[in-house]
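Notes follow once the structure below has been shown.
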Amino acid sequence: MVSEKAAGGTIEDGLIILDKPPGHTSHEVSAFVRKITGARRAGHAGTLDPEVSGVLPVALGRSTKLLRYIAGETKTYVGIIKFKKIQTRAQIEELFRRFTGELTQTPPKMSAVRKVPRKRTVHHLKLLEVSETNPRLAVFEAKVGAGTYIRTLCEDMGKLCGGARMEELRRIAVGGIGEEKAVTLEGLVDAVWLLKNKNDDSALRKIIHPADEFIDLPKAVIKDSAINSVRSGAQIAVPALVSLGPSSRSQQHVSIYSEDGRFVGVGIAQVSSEELGKLRKGIAIKLERVQIR
């Protein structure tokens, strides 16, 4: 088994940003990561279709409990759409404009979720290039809300222009996690081989991240003296709170840290940052997930 001291994020509480290859399910890739690293368990955020490549966050060990905070509200893709009839650049751009904003989608037949219409948001849909050799092909970038199906988006656009389908797709970002942070399966295998055969953990340290590095929530800092109580399941009272992010609102999720910078967990603020200075007692944060050992 790979040593738990191999990285800033460890085998039992770290996160790997994987560049998923096409031809494998997200579950298969997560299972492979668990096997190669020796982690007790592994899970992924934001399932990709088997033929779609790109950014797939894979959490190890205890960090699997943090995946819902890591998944992000938006996903960004680069893909190729194929039209049945040749479209001009202006026609494609107008079509893209019509499918930007809030829309209603019904999940495709291959999806495991119920096939009922759902509201989804397309933040932007940009035409990047029209193929010179085959003008029925166009490269696009789409930034969409969670749960949006790009394949369905292409098919729905096709209903207005004589037919279209998604040819290829790659996810280039999950929330703020871009593909520049991703490692290939081959890169992970090589890093584990170096550790096992050369006792060199330098490559693995660059691959396994602390999970909280990718949790984009307002930050709360609590007194070090409150850590033991938090470990025992106590809620965080106002006197134990050192600071709360300036934009924090009541009933908003927050990342919790100790005074010395250790990640404690995630909770729901019961007060806003504006209210905090006026209070002397009461519950400041209700804990949802305690991560500190």
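Lettering and numbering for the structure tokens are positional, with chains as A, B, ... in the shown order, residues counted from 1 in each chain, and ligands counted from 1 in the shown order.
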
>> Residues near segment 126-139 of chain A, anyone? I mean within 6 Å using only C-alpha atoms, not counting same-chain ones fewer than 3 positions away, as JSON, numbers by chain.
In response: {"A": [79, 80, 81, 82, 83, 86]}

Would you kindly return, as a tab-separated table (two decimals) with C-alpha atoms, in the first residue's frame, each protein, DNA or RNA residue with an atom no farther than 12 Å from any atom of His209 of chain A, considering only C-alpha atoms and excluding same-chain residues fewer than 5 positions away?
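Saved as result-v3.tsv:
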chain	number	residue	atom	x	y	z
A	6	ALA	CA	3.00	10.58	0.25
A	7	ALA	CA	1.40	13.99	-0.22
A	8	GLY	CA	-0.01	17.19	1.27
A	9	GLY	CA	-3.30	15.42	0.85
A	10	THR	CA	-2.84	11.82	1.93
A	11	ILE	CA	-4.03	8.51	0.54
A	12	GLU	CA	-6.79	8.48	3.14
A	13	ASP	CA	-7.94	12.10	2.96
A	14	GLY	CA	-6.68	13.57	-0.33
A	15	LEU	CA	-8.04	14.41	-3.75
A	16	ILE	CA	-6.76	13.64	-7.24
A	17	ILE	CA	-7.84	15.71	-10.25
A	18	LEU	CA	-7.87	13.06	-12.95
A	57	PRO	CA	-12.15	14.92	-9.26
A	58	VAL	CA	-11.52	11.64	-7.41
A	59	ALA	CA	-11.55	11.73	-3.62
A	60	LEU	CA	-9.71	9.19	-1.50
A	63	SER	CA	-12.43	12.94	1.59
A	181	LYS	CA	-4.44	20.56	-12.63
A	182	ALA	CA	-5.40	17.15	-14.03
A	183	VAL	CA	-3.15	14.09	-14.21
A	203	ALA	CA	5.62	12.99	-8.11
A	204	LEU	CA	2.77	11.74	-5.93
A	214	PHE	CA	-10.93	22.78	-3.94
A	215	ILE	CA	-13.78	23.72	-1.59

> How would you write, as a list of chain:residue names, the set of residues in segment 174-261 of chain A that DSSP gives as alpha helix (DSSP H)?
Replying inline: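 Of segment 174-261 of chain A, the ones in alpha helix (DSSP H) are A:Leu185, A:Glu186, A:Gly187, A:Leu188, A:Val189, A:Asp190, A:Ala191, A:Val192, A:Trp193, A:Leu194, A:Leu195, A:Lys196, A:Asn197, A:Lys198, A:Ser202, A:Ala203, A:Leu204, A:Arg205, A:Lys206, A:Ile207, A:Ile227, A:Asn228, A:Ser229, A:Val230, A:Arg231.
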
> Can you tell me, as JSON, numbers by chain, what residues are no more than 10 Å from His27 of chain A when counting only C-alpha atoms, ignoring any on the same chain fewer than 3 positions away?
Replying inline: {"A": [24, 30, 31, 32, 33, 42, 43, 44, 47, 48, 50, 58]}

May I have the selected residues written with N, CA and C atoms, as a compact mmCIF listing (two decimals), in the first residue's frame?
# COMPACT_ATOMS: atom_id res chain seq x y z
N HIS A 24 -14.07 4.64 -20.75
CA HIS A 24 -14.23 4.08 -19.40
C HIS A 24 -15.29 4.87 -18.66
N SER A 30 -12.60 5.55 -10.99
CA SER A 30 -12.46 5.70 -9.54
C SER A 30 -11.98 4.41 -8.89
N ALA A 31 -12.52 3.28 -9.33
CA ALA A 31 -12.12 1.98 -8.78
C ALA A 31 -10.65 1.70 -9.07
N PHE A 32 -10.19 2.08 -10.26
CA PHE A 32 -8.78 1.88 -10.61
C PHE A 32 -7.89 2.74 -9.73
N VAL A 33 -8.29 3.98 -9.50
CA VAL A 33 -7.51 4.88 -8.64
C VAL A 33 -7.41 4.30 -7.23
N ALA A 42 -12.72 5.19 -2.66
CA ALA A 42 -12.56 6.33 -3.57
C ALA A 42 -13.91 6.65 -4.19
N GLY A 43 -14.11 7.90 -4.51
CA GLY A 43 -15.35 8.33 -5.15
C GLY A 43 -15.08 9.52 -6.03
N HIS A 44 -15.99 9.81 -6.94
CA HIS A 44 -15.77 10.90 -7.88
C HIS A 44 -16.89 11.93 -7.83
N THR A 47 -20.17 12.90 -12.60
CA THR A 47 -20.01 11.75 -13.50
C THR A 47 -19.91 12.17 -14.95
N LEU A 48 -18.97 11.56 -15.67
CA LEU A 48 -18.81 11.77 -17.11
C LEU A 48 -19.29 10.53 -17.86
N PRO A 50 -19.15 7.54 -20.54
CA PRO A 50 -17.96 6.74 -20.87
C PRO A 50 -17.09 7.32 -21.98
N VAL A 58 -11.38 12.93 -8.10
CA VAL A 58 -11.52 11.64 -7.41
C VAL A 58 -11.01 11.81 -5.99

>> as a list of chain:residue names, please: every residue in segment 7-36 of chain A that DSSP puts in strand (DSSP E).
In response: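 After running DSSP on the backbone, segment 7-36 of chain A has strand (DSSP E) at A:Gly14, A:Leu15, A:Ile16, A:Ile17, A:Leu18, A:Asp19, A:Lys20.
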
With N, CA and C atoms retained, could you export that selection as a compact mmCIF listing (two decimals), in the first residue's frame?
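Below you can see part_35.txt, which holds the result:
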# COMPACT_ATOMS: atom_id res chain seq x y z
N GLY A 14 -7.07 12.65 0.74
CA GLY A 14 -6.68 13.57 -0.33
C GLY A 14 -7.59 13.51 -1.54
N LEU A 15 -7.24 14.31 -2.53
CA LEU A 15 -8.04 14.41 -3.75
C LEU A 15 -7.11 14.42 -4.96
N ILE A 16 -7.49 13.67 -5.98
CA ILE A 16 -6.76 13.64 -7.24
C ILE A 16 -7.64 14.22 -8.34
N ILE A 17 -7.12 15.18 -9.10
CA ILE A 17 -7.84 15.71 -10.25
C ILE A 17 -7.37 14.90 -11.45
N LEU A 18 -8.24 14.01 -11.90
CA LEU A 18 -7.87 13.06 -12.95
C LEU A 18 -8.32 13.55 -14.32
N ASP A 19 -7.50 13.28 -15.32
CA ASP A 19 -7.89 13.51 -16.71
C ASP A 19 -8.44 12.18 -17.22
N LYS A 20 -9.77 12.04 -17.11
CA LYS A 20 -10.41 10.78 -17.47
C LYS A 20 -10.28 10.52 -18.96

> For Gln91 of chain A, which residue out of A:Leu160, A:Leu169, A:Leu66, A:Val144 is the nearest one, using only C-alpha atoms?
Replying inline: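 Comparing A:Leu160, A:Leu169, A:Leu66, A:Val144 against Gln91 of chain A, the winner is A:Leu160.
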
> What is the distance, in Å and to one decimal place, between atom CA of Asp200 of chain A and atom CA of Lys35 of chain A?
Replying inline: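 Between atom CA of Asp200 of chain A and atom CA of Lys35 of chain A the gap is 19.4 Å.
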
>> Need to verify the contact set: Ser250 of chain A, 6 Å, only C-alpha atoms, exclusion of same-chain residues closer than 4 positions in sequence. Can you return it as a PyMOL selection string?
In response: chain A and resi 269-272

>> One decimal, in Å: what's the spacing between atom CA of Phe263 of chain A and atom CA of Ala237 of chain A?
In response: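 Going from atom CA of Phe263 of chain A over to atom CA of Ala237 of chain A covers 17.8 Å.
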
> Restricting the calculation to only C-alpha atoms, which member of A:Arg262, A:Arg41, A:Arg114, A:Lys206 is positioned closest to Lys223 of chain A?
Replying inline: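 Ranking A:Arg262, A:Arg41, A:Arg114, A:Lys206 by distance to Lys223 of chain A, first place goes to A:Arg262.
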